[in-house]
Each structure stands twice: as C-alpha cells, then as structure tokens.
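Q: Just one file: final-v8.cif, with mmCIF, C-alpha atoms.
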```cif
data_entry
#
loop_
_atom_site.label_atom_id
_atom_site.label_comp_id
_atom_site.auth_asym_id
_atom_site.auth_seq_id
_atom_site.Cartn_x
_atom_site.Cartn_y
_atom_site.Cartn_z
CA MET A 1 126.46 74.17 149.25
CA SER A 2 127.00 71.51 151.90
CA LEU A 3 123.89 72.52 153.88
CA PRO A 4 121.52 70.07 152.09
CA ILE A 5 123.90 67.16 152.81
CA ILE A 6 124.23 68.13 156.47
CA ILE A 7 120.46 68.42 156.92
CA ASN A 8 119.81 65.18 155.04
CA TRP A 9 122.19 63.35 157.37
CA GLY A 10 120.47 64.80 160.43
CA LEU A 11 123.49 66.83 161.50
CA PRO A 12 123.16 70.24 163.18
CA ILE A 13 125.11 73.33 162.21
CA SER A 14 127.00 75.50 164.68
CA LEU A 15 126.45 79.20 165.19
CA LEU A 16 130.12 79.44 166.14
CA SER A 17 131.40 78.12 162.81
CA PRO A 18 133.14 81.39 161.79
CA VAL A 19 134.94 81.62 165.13
CA GLY A 20 135.42 77.87 165.33
CA ASN A 21 137.33 77.80 162.06
CA LEU A 22 139.93 80.06 163.65
CA LEU A 23 140.09 78.35 167.04
CA PHE A 24 139.85 74.79 165.80
CA THR A 25 142.74 75.01 163.32
CA PRO A 26 145.50 74.43 165.93
CA PHE A 27 143.51 71.58 167.48
CA VAL A 28 142.87 69.82 164.18
CA THR A 29 146.55 70.22 163.24
CA ILE A 30 147.68 68.56 166.47
CA PHE A 31 144.93 65.95 166.10
CA LEU A 32 146.05 64.99 162.60
CA LEU A 33 149.67 64.86 163.72
CA LEU A 34 148.90 62.58 166.66
CA ALA A 35 146.58 60.41 164.58
CA SER A 36 149.27 60.00 161.93
CA LEU A 37 151.87 59.09 164.54
CA ILE A 38 149.53 56.51 166.07
CA PHE A 39 148.84 55.03 162.63
CA PHE A 40 152.50 54.68 161.68
CA CYS A 41 153.39 53.32 165.11
CA GLU A 42 150.73 50.65 164.68
CA LEU A 43 152.02 49.97 161.18
CA PHE A 44 155.60 49.39 162.35
CA PHE A 45 154.71 47.77 165.71
CA ILE A 46 156.07 50.68 167.74
CA PRO A 47 154.53 51.36 171.19
CA ASN A 48 152.11 54.28 170.85
CA GLY A 49 150.46 54.51 174.26
CA LEU A 50 151.91 57.97 174.86
CA PHE A 51 150.44 59.33 171.63
CA ILE A 52 147.04 57.78 172.38
CA HIS A 53 147.06 59.38 175.82
CA ALA A 54 147.97 62.73 174.27
CA LEU A 55 145.09 62.37 171.80
CA GLU A 56 142.66 61.67 174.63
CA LEU A 57 143.91 64.75 176.50
CA LEU A 58 143.42 66.85 173.37
CA TYR A 59 139.87 65.53 173.05
CA MET A 60 139.08 66.30 176.69
CA CYS A 61 140.61 69.75 176.34
CA TRP A 62 138.38 70.56 173.37
CA LEU A 63 135.28 69.33 175.21
CA SER A 64 136.22 71.49 178.20
CA ILE A 65 136.41 74.54 175.94
CA MET A 66 133.03 73.70 174.43
CA ARG A 67 131.45 73.45 177.88
CA LEU A 68 132.50 77.04 178.61
CA ILE A 69 129.98 78.25 176.03
CA PRO A 70 126.95 79.53 178.00
CA PHE A 71 124.43 78.47 175.33
CA ASN A 72 123.88 75.60 172.94
CA PRO A 73 125.48 76.70 169.65
CA LEU A 74 124.07 73.80 167.63
CA VAL A 75 121.04 74.43 165.44
CA GLY A 76 119.13 71.46 164.07
CA PHE A 77 116.75 71.43 161.14
CA PRO A 78 113.86 69.02 160.66
CA LYS A 79 114.36 67.39 157.30
CA PRO A 80 112.30 69.19 154.62
CA ASN A 81 111.16 67.67 151.36
CA ALA A 82 113.76 66.67 148.80
CA PHE A 83 112.80 69.41 146.33
CA LEU A 84 113.64 72.11 148.86
CA LEU A 85 117.00 70.52 149.65
CA LEU A 86 117.85 70.24 145.96
CA GLY A 87 116.73 73.81 145.43
CA ILE A 88 119.36 75.23 147.81
CA PRO A 89 122.43 74.45 145.64
CA PHE A 90 120.46 75.31 142.50
CA VAL A 91 119.55 78.78 143.79
CA THR A 92 123.09 79.28 145.12
CA ILE A 93 124.67 78.48 141.76
CA SER A 94 122.11 80.66 139.99
CA LEU A 95 122.94 83.62 142.22
CA LEU A 96 126.66 83.18 141.63
CA THR A 97 126.23 83.08 137.86
CA ILE A 98 124.20 86.30 137.65
CA PRO A 99 126.63 89.07 136.61
CA SER A 100 125.09 91.67 138.92
CA MET A 101 125.56 89.33 141.90
CA ARG A 102 129.27 88.72 141.42
CA SER A 103 130.11 91.38 143.97
CA ILE A 104 131.30 89.69 147.15
CA TYR A 105 129.08 91.85 149.35
CA ARG A 106 125.98 91.18 147.28
CA SER A 107 126.76 87.46 147.21
CA ILE A 108 127.18 87.34 150.98
CA GLY A 109 123.99 89.35 151.47
CA CYS A 110 122.02 87.02 149.19
CA MET A 111 123.41 83.93 150.91
CA ILE A 112 122.46 85.29 154.33
CA ALA A 113 118.98 86.21 153.10
CA LEU A 114 118.57 82.75 151.57
CA PHE A 115 119.62 81.09 154.81
CA ILE A 116 117.22 83.23 156.87
CA LEU A 117 114.32 82.36 154.55
CA PHE A 118 115.20 78.67 154.71
CA TYR A 119 115.51 78.78 158.50
CA PHE A 120 112.15 80.56 158.83
CA TYR A 121 110.40 78.06 156.55
CA VAL A 122 111.83 74.93 158.16
CA ASN A 123 111.49 76.03 161.79
CA CYS A 124 108.29 78.07 161.64
CA ILE A 125 106.16 76.78 158.77
CA GLN A 126 107.19 73.17 158.26
CA HIS A 127 108.34 72.44 161.83
CA PRO A 128 106.36 69.56 163.40
CA ASN A 129 104.49 70.23 166.64
CA LYS A 130 103.82 66.71 167.85
CA ILE A 131 105.50 63.44 166.94
CA ILE A 132 105.23 59.92 168.30
CA SER A 133 107.43 57.40 166.57
CA THR A 134 109.59 54.35 167.12
CA LEU A 135 113.10 53.54 165.97
CA ASN A 136 114.33 49.98 165.54
CA CYS A 137 117.27 49.07 167.74
CA ASN A 138 118.74 45.59 168.15
CA ARG A 139 115.85 43.27 169.08
CA GLY A 140 113.28 45.95 169.88
CA GLN A 141 112.26 49.55 169.42
CA VAL A 142 112.95 52.87 171.11
CA THR A 143 109.96 55.18 171.54
CA ILE A 144 110.39 58.86 170.65
CA LEU A 145 107.90 61.51 171.78
CA TYR A 146 107.98 65.16 170.77
CA ASP A 147 105.51 67.82 171.80
CA HIS A 148 106.12 71.51 171.04
CA GLY A 149 109.84 71.51 171.75
CA THR A 150 109.98 68.82 174.45
CA LEU A 151 111.65 65.54 173.53
CA VAL A 152 111.21 62.28 175.45
CA ILE A 153 113.06 59.07 174.58
CA ILE A 154 112.01 55.78 176.16
CA ASP A 155 114.38 52.83 175.99
CA PRO A 156 112.78 49.53 177.09
CA GLY A 157 116.24 48.02 177.40
CA VAL A 158 117.26 47.42 173.79
CA ILE A 159 120.03 50.01 173.36
CA GLY A 160 122.29 48.24 175.83
CA GLN A 161 121.85 44.85 174.17
CA ALA A 162 124.89 45.48 171.97
CA LYS A 163 128.35 46.77 172.84
CA SER A 164 127.96 49.46 170.20
CA ALA A 165 125.41 51.34 172.33
CA TYR A 166 127.29 54.63 172.19
CA SER A 167 127.69 54.45 168.41
CA TRP A 168 123.98 53.81 168.00
CA LEU A 169 123.09 56.72 170.27
CA ALA A 170 125.49 59.15 168.62
CA TYR A 171 125.19 58.14 164.97
CA THR A 172 121.69 56.70 164.63
CA LEU A 173 119.39 58.04 167.34
CA LEU A 174 120.60 61.65 167.50
CA PRO A 175 120.65 62.22 163.70
CA TYR A 176 117.17 60.69 163.49
CA VAL A 177 115.90 62.97 166.25
CA THR A 178 117.45 66.04 164.62
CA SER A 179 116.08 65.22 161.17
CA THR A 180 112.55 64.64 162.49
CA THR A 181 112.23 67.27 165.23
CA GLY A 182 115.14 69.67 164.77
CA LYS A 183 116.22 69.03 168.37
CA THR A 184 119.89 68.73 169.31
CA THR A 185 119.22 68.05 173.00
CA ILE A 186 117.19 65.48 174.94
CA ASP A 187 114.77 66.63 177.63
CA TYR A 188 113.87 63.26 179.15
CA LEU A 189 115.61 59.92 178.71
CA ILE A 190 113.79 57.02 180.37
CA LEU A 191 115.66 53.73 180.79
CA LEU A 192 113.37 50.85 181.73
CA GLN A 193 115.98 48.09 181.79
CA PRO A 194 119.43 49.63 182.26
CA THR A 195 122.60 47.64 181.74
CA LYS A 196 126.26 48.36 182.25
CA THR A 197 126.62 48.94 178.50
CA ILE A 198 123.99 51.67 178.29
CA LEU A 199 125.26 53.33 181.48
CA THR A 200 128.78 53.42 180.01
CA ALA A 201 127.46 54.84 176.74
CA LEU A 202 125.53 57.56 178.58
CA CYS A 203 128.64 58.59 180.51
CA ASP A 204 130.33 59.31 177.19
CA LEU A 205 127.24 60.85 175.60
CA LEU A 206 126.78 63.34 178.44
CA MET A 207 130.12 64.88 177.49
CA GLU A 208 128.75 65.79 174.07
CA VAL A 209 124.96 66.09 174.27
CA GLN A 210 122.83 67.99 176.74
CA ILE A 211 120.32 65.72 178.49
CA GLY A 212 117.88 67.38 180.86
CA THR A 213 116.67 64.41 182.93
CA ILE A 214 117.56 60.73 183.03
CA MET A 215 115.00 58.46 184.69
CA ILE A 216 116.19 55.05 185.88
CA PRO A 217 114.21 52.40 187.77
CA GLU A 218 115.36 51.41 191.23
CA LEU A 219 118.15 48.84 191.14
CA LYS A 220 119.34 46.24 193.63
CA ILE A 221 122.97 45.66 192.76
CA HIS A 222 125.60 43.77 194.71
CA LYS A 223 128.47 45.95 195.88
CA SER A 224 130.99 43.92 193.90
CA ASP A 225 129.07 44.25 190.62
CA SER A 226 130.80 46.50 188.09
CA THR A 227 127.40 47.86 187.06
CA LEU A 228 127.17 49.65 190.41
CA HIS A 229 130.49 51.38 189.74
CA MET A 230 129.28 52.52 186.33
CA TYR A 231 125.99 53.68 187.84
CA LYS A 232 127.85 55.86 190.35
CA GLN A 233 130.07 57.18 187.58
CA LEU A 234 126.99 58.15 185.59
CA GLN A 235 125.64 60.09 188.57
CA GLN A 236 128.95 61.93 188.95
CA ARG A 237 129.04 62.77 185.25
CA ALA A 238 125.41 63.92 185.42
CA ASN A 239 126.25 66.29 188.28
CA LYS A 240 129.04 67.84 186.22
CA THR A 241 126.79 68.37 183.21
CA CYS A 242 123.77 69.60 185.23
CA THR A 243 121.73 66.55 184.25
CA LYS A 244 119.08 65.46 186.71
CA VAL A 245 118.97 61.73 187.55
CA ILE A 246 115.63 60.51 188.94
CA ILE A 247 115.27 57.07 190.48
CA ILE A 248 111.86 55.47 189.97
CA ASP A 249 111.18 53.66 193.23
CA SER A 250 107.92 52.27 194.65
CA GLU A 251 105.89 55.42 193.94
CA SER A 252 104.35 56.40 190.62
CA GLN A 253 105.73 59.44 188.86
CA LYS A 254 104.39 61.71 186.16
CA ILE A 255 105.98 63.78 183.44
CA GLN A 256 103.83 66.68 182.29
CA PHE A 257 104.69 69.03 179.46
CA ASN A 258 102.40 71.04 177.22
CA GLN A 259 99.30 68.84 176.82
CA THR A 260 101.09 65.52 177.28
CA THR A 261 101.17 63.44 180.46
CA ILE A 262 103.35 60.37 180.88
CA THR A 263 102.78 58.12 183.88
CA LEU A 264 105.48 55.80 185.20
CA THR A 265 104.01 53.07 187.38
CA PRO A 266 106.36 50.76 189.33
CA HIS A 267 105.49 47.10 189.91
CA GLN A 268 107.32 44.05 191.19
CA TRP A 269 111.02 43.38 190.68
CA ILE A 270 112.40 41.72 187.57
CA THR A 271 115.79 40.12 187.06
CA GLY A 272 118.44 42.00 185.12
CA ASN A 273 122.05 41.06 184.48
CA ASN A 274 122.95 39.68 187.92
CA PHE A 275 120.84 42.32 189.67
CA LEU A 276 117.21 43.24 190.27
CA ILE A 277 115.36 46.02 188.44
CA ARG A 278 112.13 47.67 189.44
CA ASN A 279 109.55 46.81 186.78
CA VAL A 280 108.22 50.17 185.55
CA GLN A 281 105.35 50.55 183.12
CA VAL A 282 105.15 53.75 181.07
CA ILE A 283 101.73 54.87 179.86
CA GLY A 284 100.79 58.03 178.00
CA SER A 285 99.12 59.52 174.97
CA LEU A 286 100.08 62.02 172.31
CA GLU A 287 97.89 63.32 169.49
CA ASN A 288 95.06 60.97 170.51
CA GLN A 289 97.45 58.05 170.18
CA SER A 290 98.09 56.12 173.39
CA PHE A 291 101.24 54.14 174.04
CA THR A 292 102.53 51.69 176.63
CA CYS A 293 106.17 50.81 177.21
CA LEU A 294 107.43 47.91 179.30
CA PRO A 295 110.94 46.69 180.10
CA TYR A 296 112.15 44.48 177.27
CA LYS A 297 112.28 41.37 179.44
CA GLU A 298 108.77 41.90 180.84
CA ASP A 299 107.34 42.69 177.40
CA LYS A 300 108.89 39.53 176.00
CA ARG A 301 107.43 37.47 178.87
CA LYS A 302 103.93 38.86 178.31
CA LYS A 303 104.10 38.17 174.58
CA LYS A 304 105.05 34.57 175.32
CA ILE A 305 102.08 34.19 177.65
CA SER A 306 99.68 35.70 175.11
CA LYS A 307 100.87 33.26 172.45
CA CYS A 308 100.23 30.33 174.76
#
```
For the structure just supplied, provide its representation as structure tokens.
A:
Amino acid sequence: MSLPIIINWGLPISLLSPVGNLLFTPFVTIFLLLASLIFFCELFFIPNGLFIHALELLYMCWLSIMRLIPFNPLVGFPKPNAFLLLGIPFVTISLLTIPSMRSIYRSIGCMIALFILFYFYVNCIQHPNKIISTLNCNRGQVTILYDHGTLVIIDPGVIGQAKSAYSWLAYTLLPYVTSTTGKTTIDYLILLQPTKTILTALCDLLMEVQIGTIMIPELKIHKSDSTLHMYKQLQQRANKTCTKVIIIDSESQKIQFNQTTITLTPHQWITGNNFLIRNVQVIGSLENQSFTCLPYKEDKRKKKISKC
C-alpha cells in the first residue's frame, strides 16, 4: 500500500526488507532510546555528549554492516503516471475484498504477481532510455545526463554555495534522479568549481550512495587552507568506497558511454575561495541536443560580458 507513496517521493525500495526488519529491530530500539535520552537531556540542560557519541557509533556500525552486502540492494523506479500509482492501492484493496482471495497464500501470491507486473512495466516498457535535464540549485542549475543506464551529474559550482549541500544532495537530487531514471547510484559526478562545502558533503554522501567516478579540476591550494584537508579526506573516503577520483589537469579528457561522448577541456586558471581552480569546459550532446557547462564563476563572467 505504501509503494505508490515511496515511488512518488523518489525513494528506492530494498530487496533486503524482509531480512532487514529482523536485523534492524535492535538497532532502531537502541536508536530511539538514545534519541530520547538526547532530547530529554537537551530539555533539562543535562550534558549529553556521551549519548550523541553513542548515537554516532551506532550509525557508523549500521553503515559498516550495509557495506558488507556484496550488491546494491536498493531498487529504484522511474515515476510512472499518476493513474498507475493510484491503481496499485485500488487493485490491492480489490484483491483483499474478493472472498476467494482471502486465503493468505493466495493473497501473497497475488501481491507478488502484481509487484512483478508493475516492476516489468516500469523498468522495461516505460523506462526512459535517454534523458538530459537540469535541476535548479541555489543560484544556478545542475545538469543531469542519462543514457541507457549510465548517469552523469555535472555541478558547475552551485551545490556548494549553501551550507546545506549534503541535504540538497540526499533529499533533492537523489530522489529526483531516482524518480526520473530509476537509478540509485551515480556513475560520474563532475565538479567544475569545488568548494570546501561540497567536498564535505561528498565525504558524507559516499558513506551512503555508490558513486563510480568523481571528476575534479586541478586545484592550487595553500597548505594551510582547510579545503586541502577536506580534499585529502575525500580522496581517503573514495578509496574506502572504491570510488575513482580523476583530476582534470592541463589535458583534455573524454567520457564515452553508449552513444554519448562528453569532452572536458581545461583552460586558464580561475579564482575560487582563496585558491585557484582549473577552468574546465564540458561539451557534449545527447539525443541530438548539445550542451555546454562552465564553472559558475566563469559562466557568470561571460554573461556579464555578453550583456555589455
């Protein structure tokens, strides 16, 4: 019954749900206990650092268990039309009200058959093959490319403009990607104007979402800059999660998948937040629609010149 709501929100379902309900019960019990203790400690001005630390350890423990799974258990569904979503609870209720279907085995069999039919329709018949779209973020847009199972996300430097970068990635970008493509992982993430904020957000995101390759332009950062520390931390986290980090230096690079080719051409240096960033231009085409992406700062400068 909750499947239409989950799909409408762009949330994936887990193949390990039956097992997870058994394993997760002790964790959620401890989680609720610790969360309640933290809440009441805050309410009565009692130091709660120990409980917060315990909650963080519980969170890390659960993520460690999840990383032991040799495959991605999450299954995403591209959002179908509203009539199909509304039809799922209607058919479910209809099956449960039919007297001959009140047997538990018949009900389970019908539910499984209904789910298989829905999965086949959404992922085989209605599933999109190629998508090129943009998603508004802060003062710009993030470009999303999808071609027969391969997902590329290009950030010109707008995600890191706000401190809520992780929240936007986890609760806006990923649900949007899942609802449009059915993907729960990212194949290529291209950052054209990285900041400390986006690097920090990616460190956290890598613990939860599988990212195949992160492409970052060459940076010239002073040793005392905290951005350099976060950049090194991202590389360490990427090594742990088997994510490839590619530095775009003075040579052009290409990404080729299916019938799509994306070219990354480096140019002169541009100024970032107290450090220099290699200006990289991204050019490509998908479904006879060409696109060009520039770092946010460079794009803004060119628009100013064109207006003059």
Q: Which residues come within 6 Å of A:Leu145, counting only C-alpha atoms, excluding same-chain residues fewer than 6 positions away, as number ranges by chain?
A: A: 131-132, 151-152
Q: Dump as JSON lines the rows for residues of stretch 56-97 of chain A within 6 Å of stretch 179-198 of chain A: closest atom pair and distance in Å with one decimal, only C-alpha atoms counted, ordered by chain and rising residue number.
A:
```
{"residue": "A:Gly76", "atom": "CA", "partner": "A:Gly182", "partner_atom": "CA", "distance": 4.4}
{"residue": "A:Phe77", "atom": "CA", "partner": "A:Gly182", "partner_atom": "CA", "distance": 4.3}
{"residue": "A:Pro78", "atom": "CA", "partner": "A:Gly182", "partner_atom": "CA", "distance": 4.4}
{"residue": "A:Lys79", "atom": "CA", "partner": "A:Ser179", "partner_atom": "CA", "distance": 4.8}
```
Q: Keeping only C-alpha atoms, take the residues you just selected and write them out as a compact mmCIF listing (two decimals), in the coordinates of the input.
A:
```
# COMPACT_ATOMS: atom_id res chain seq x y z
CA GLY A 76 119.13 71.46 164.07
CA PHE A 77 116.75 71.43 161.14
CA PRO A 78 113.86 69.02 160.66
CA LYS A 79 114.36 67.39 157.30
```
Q: Identify, on the basis of only C-alpha atoms, every residue whose closest approach to stretch 80-90 of chain A does not exceed 9 Å; exclude the query and any residue fewer than 6 positions from it along the same chain; express the result as a list in words.
A: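 What passes the distance filter is Met1, Ser2, Leu3, Pro4, Ile5, Ile7, Asn8, Leu114, Phe118, Val122, Gln126, His127 and Ser179 of chain A.
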Q: Please report, as CSV, each residue of stretch 156-270 of chain A lying at most 12 Å from stretch 289-304 of chain A, together with the nearest pair of atoms and the separation in Å rounded to one decimal; use all atoms listed in the file, and order rows by chain and ascending residue number.
A:
```
residue,atom,partner,partner_atom,distance
A:Pro156,CA,A:Pro295,CA,4.5
A:Gly157,CA,A:Tyr296,CA,5.4
A:Val158,CA,A:Tyr296,CA,6.8
A:Ile159,CA,A:Tyr296,CA,10.4
A:Gly160,CA,A:Tyr296,CA,10.9
A:Gln161,CA,A:Tyr296,CA,10.2
A:Ile190,CA,A:Cys293,CA,10.3
A:Leu191,CA,A:Pro295,CA,8.5
A:Leu192,CA,A:Pro295,CA,5.1
A:Gln193,CA,A:Pro295,CA,5.5
A:Pro194,CA,A:Pro295,CA,9.2
A:Thr195,CA,A:Tyr296,CA,11.8
A:Ile216,CA,A:Pro295,CA,11.4
A:Pro217,CA,A:Pro295,CA,10.1
A:Thr260,CA,A:Ser290,CA,10.6
A:Thr261,CA,A:Ser290,CA,10.6
A:Ile262,CA,A:Phe291,CA,9.5
A:Thr263,CA,A:Thr292,CA,9.7
A:Leu264,CA,A:Cys293,CA,9.4
A:Thr265,CA,A:Leu294,CA,10.2
A:Pro266,CA,A:Leu294,CA,10.5
A:His267,CA,A:Leu294,CA,10.8
A:Gln268,CA,A:Glu298,CA,10.7
A:Trp269,CA,A:Glu298,CA,10.2
A:Ile270,CA,A:Glu298,CA,7.6
```
Q: Take the residues that were just selected and, keeping C-alpha atoms, output them as a PDB file, keeping the file's coordinate frame.
A:
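Below is the file that was written, result08.pdb:
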```
ATOM      1  CA  PRO A 156     112.780  49.530 177.090  1.00  0.00           C
ATOM      2  CA  GLY A 157     116.240  48.020 177.400  1.00  0.00           C
ATOM      3  CA  VAL A 158     117.260  47.420 173.790  1.00  0.00           C
ATOM      4  CA  ILE A 159     120.030  50.010 173.360  1.00  0.00           C
ATOM      5  CA  GLY A 160     122.290  48.240 175.830  1.00  0.00           C
ATOM      6  CA  GLN A 161     121.850  44.850 174.170  1.00  0.00           C
ATOM      7  CA  ILE A 190     113.790  57.020 180.370  1.00  0.00           C
ATOM      8  CA  LEU A 191     115.660  53.730 180.790  1.00  0.00           C
ATOM      9  CA  LEU A 192     113.370  50.850 181.730  1.00  0.00           C
ATOM     10  CA  GLN A 193     115.980  48.090 181.790  1.00  0.00           C
ATOM     11  CA  PRO A 194     119.430  49.630 182.260  1.00  0.00           C
ATOM     12  CA  THR A 195     122.600  47.640 181.740  1.00  0.00           C
ATOM     13  CA  ILE A 216     116.190  55.050 185.880  1.00  0.00           C
ATOM     14  CA  PRO A 217     114.210  52.400 187.770  1.00  0.00           C
ATOM     15  CA  THR A 260     101.090  65.520 177.280  1.00  0.00           C
ATOM     16  CA  THR A 261     101.170  63.440 180.460  1.00  0.00           C
ATOM     17  CA  ILE A 262     103.350  60.370 180.880  1.00  0.00           C
ATOM     18  CA  THR A 263     102.780  58.120 183.880  1.00  0.00           C
ATOM     19  CA  LEU A 264     105.480  55.800 185.200  1.00  0.00           C
ATOM     20  CA  THR A 265     104.010  53.070 187.380  1.00  0.00           C
ATOM     21  CA  PRO A 266     106.360  50.760 189.330  1.00  0.00           C
ATOM     22  CA  HIS A 267     105.490  47.100 189.910  1.00  0.00           C
ATOM     23  CA  GLN A 268     107.320  44.050 191.190  1.00  0.00           C
ATOM     24  CA  TRP A 269     111.020  43.380 190.680  1.00  0.00           C
ATOM     25  CA  ILE A 270     112.400  41.720 187.570  1.00  0.00           C
TER      26      ILE A 270
END
```
Q: Work out how far atom CA of A:Thr178 is from atom CA of A:Glu287, in Å to one decimal.
A: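 For atom CA of A:Glu287 relative to atom CA of A:Thr178, the distance reads 20.3 Å.
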Q: Excluding stretch 33-41 of chain A and any residue of its chain fewer than 6 positions from it, enumerate the residues within 12 Å of it, using only C-alpha atoms, and give them as a PyMOL selection string.
A: chain A and resi 26-27+47-59
Q: If you measure from atom CA of A:His148 to atom CA of A:Ser133, what distance in Å do you get, rounded to one decimal?
A: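 Calculated distance between atom CA of A:His148 and atom CA of A:Ser133 is 14.9 Å.
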Q: Can you tell me how far atom CA of A:Tyr166 sits from atom CA of A:Cys242, in Å to one decimal?
A: 20.2 Å
Q: For A:Ile6, which residue among A:Leu135, A:Val75, A:Cys203, A:Ile211 is the nearest when counting only C-alpha atoms?
A: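 Under the stated criterion, the closest residue is A:Val75.
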Q: Dump as a list in words all residues having an atom at most 12 Å from (127.1, 77.0, 162.1), computed in the file's coordinates with all atoms listed in the file.
A: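 Output of the proximity query reads Ser2, Leu3, Ile6, Leu11, Pro12, Ile13, Ser14, Leu15, Leu16, Ser17, Pro18, Val19, Gly20, Asn21, Asn72, Pro73, Leu74, Val75, Gly76, Phe77 and Phe115 of chain A.
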Q: Draw an axis-aligned box over all listed atoms of stretch 273-287 of chain A, pad each side with 3 Å, and write its centre and edge lengths in Å, one decimal, as lines of an AutoDock Vina configuration file.
A:
```
center_x = 110.4
center_y = 51.5
center_z = 179.9
size_x = 31.1
size_y = 29.6
size_z = 26.8
```
Q: Suppose a student applies the PyMOL selection byres ((chain A and resi 244) around 10) to this structure; what residues should they get, written as a PDB file with C-alpha atoms, in the frame of the given file?
A:
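New file out_3.pdb:
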```pdb
ATOM      1  CA  TYR A 188     113.870  63.260 179.150  1.00  0.00           C
ATOM      2  CA  ILE A 211     120.320  65.720 178.490  1.00  0.00           C
ATOM      3  CA  GLY A 212     117.880  67.380 180.860  1.00  0.00           C
ATOM      4  CA  THR A 213     116.670  64.410 182.930  1.00  0.00           C
ATOM      5  CA  ILE A 214     117.560  60.730 183.030  1.00  0.00           C
ATOM      6  CA  MET A 215     115.000  58.460 184.690  1.00  0.00           C
ATOM      7  CA  GLN A 235     125.640  60.090 188.570  1.00  0.00           C
ATOM      8  CA  ALA A 238     125.410  63.920 185.420  1.00  0.00           C
ATOM      9  CA  ASN A 239     126.250  66.290 188.280  1.00  0.00           C
ATOM     10  CA  THR A 241     126.790  68.370 183.210  1.00  0.00           C
ATOM     11  CA  CYS A 242     123.770  69.600 185.230  1.00  0.00           C
ATOM     12  CA  THR A 243     121.730  66.550 184.250  1.00  0.00           C
ATOM     13  CA  VAL A 245     118.970  61.730 187.550  1.00  0.00           C
ATOM     14  CA  ILE A 246     115.630  60.510 188.940  1.00  0.00           C
ATOM     15  CA  ILE A 247     115.270  57.070 190.480  1.00  0.00           C
TER      16      ILE A 247
END
```
Q: Counting all atoms listed in the file, figure out which residue out of A:Val177, A:Met230, A:Ile125, A:Ile69 gets nearest to A:Ile144.
A: A:Val177
Q: Within 12 Å of A:Asn274, counting only C-alpha atoms, which residues qualify if same-chain residues fewer than 2 places away don't, as a list in words?
A: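 Counting only the stated atoms, we get Pro194, Thr195, Lys196, Leu219, Lys220, Ile221, His222, Lys223, Ser224, Asp225, Ser226, Thr227, Leu228, Ile270, Thr271, Gly272, Leu276 and Ile277 of chain A.
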Q: Using all atoms listed in the file for the distances, tell me which of A:Ala113, A:Ile283, A:Leu173, A:Met66 is nearest to A:Gln141.
A: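 The shortest atom-to-atom distance to A:Gln141 comes from A:Leu173.
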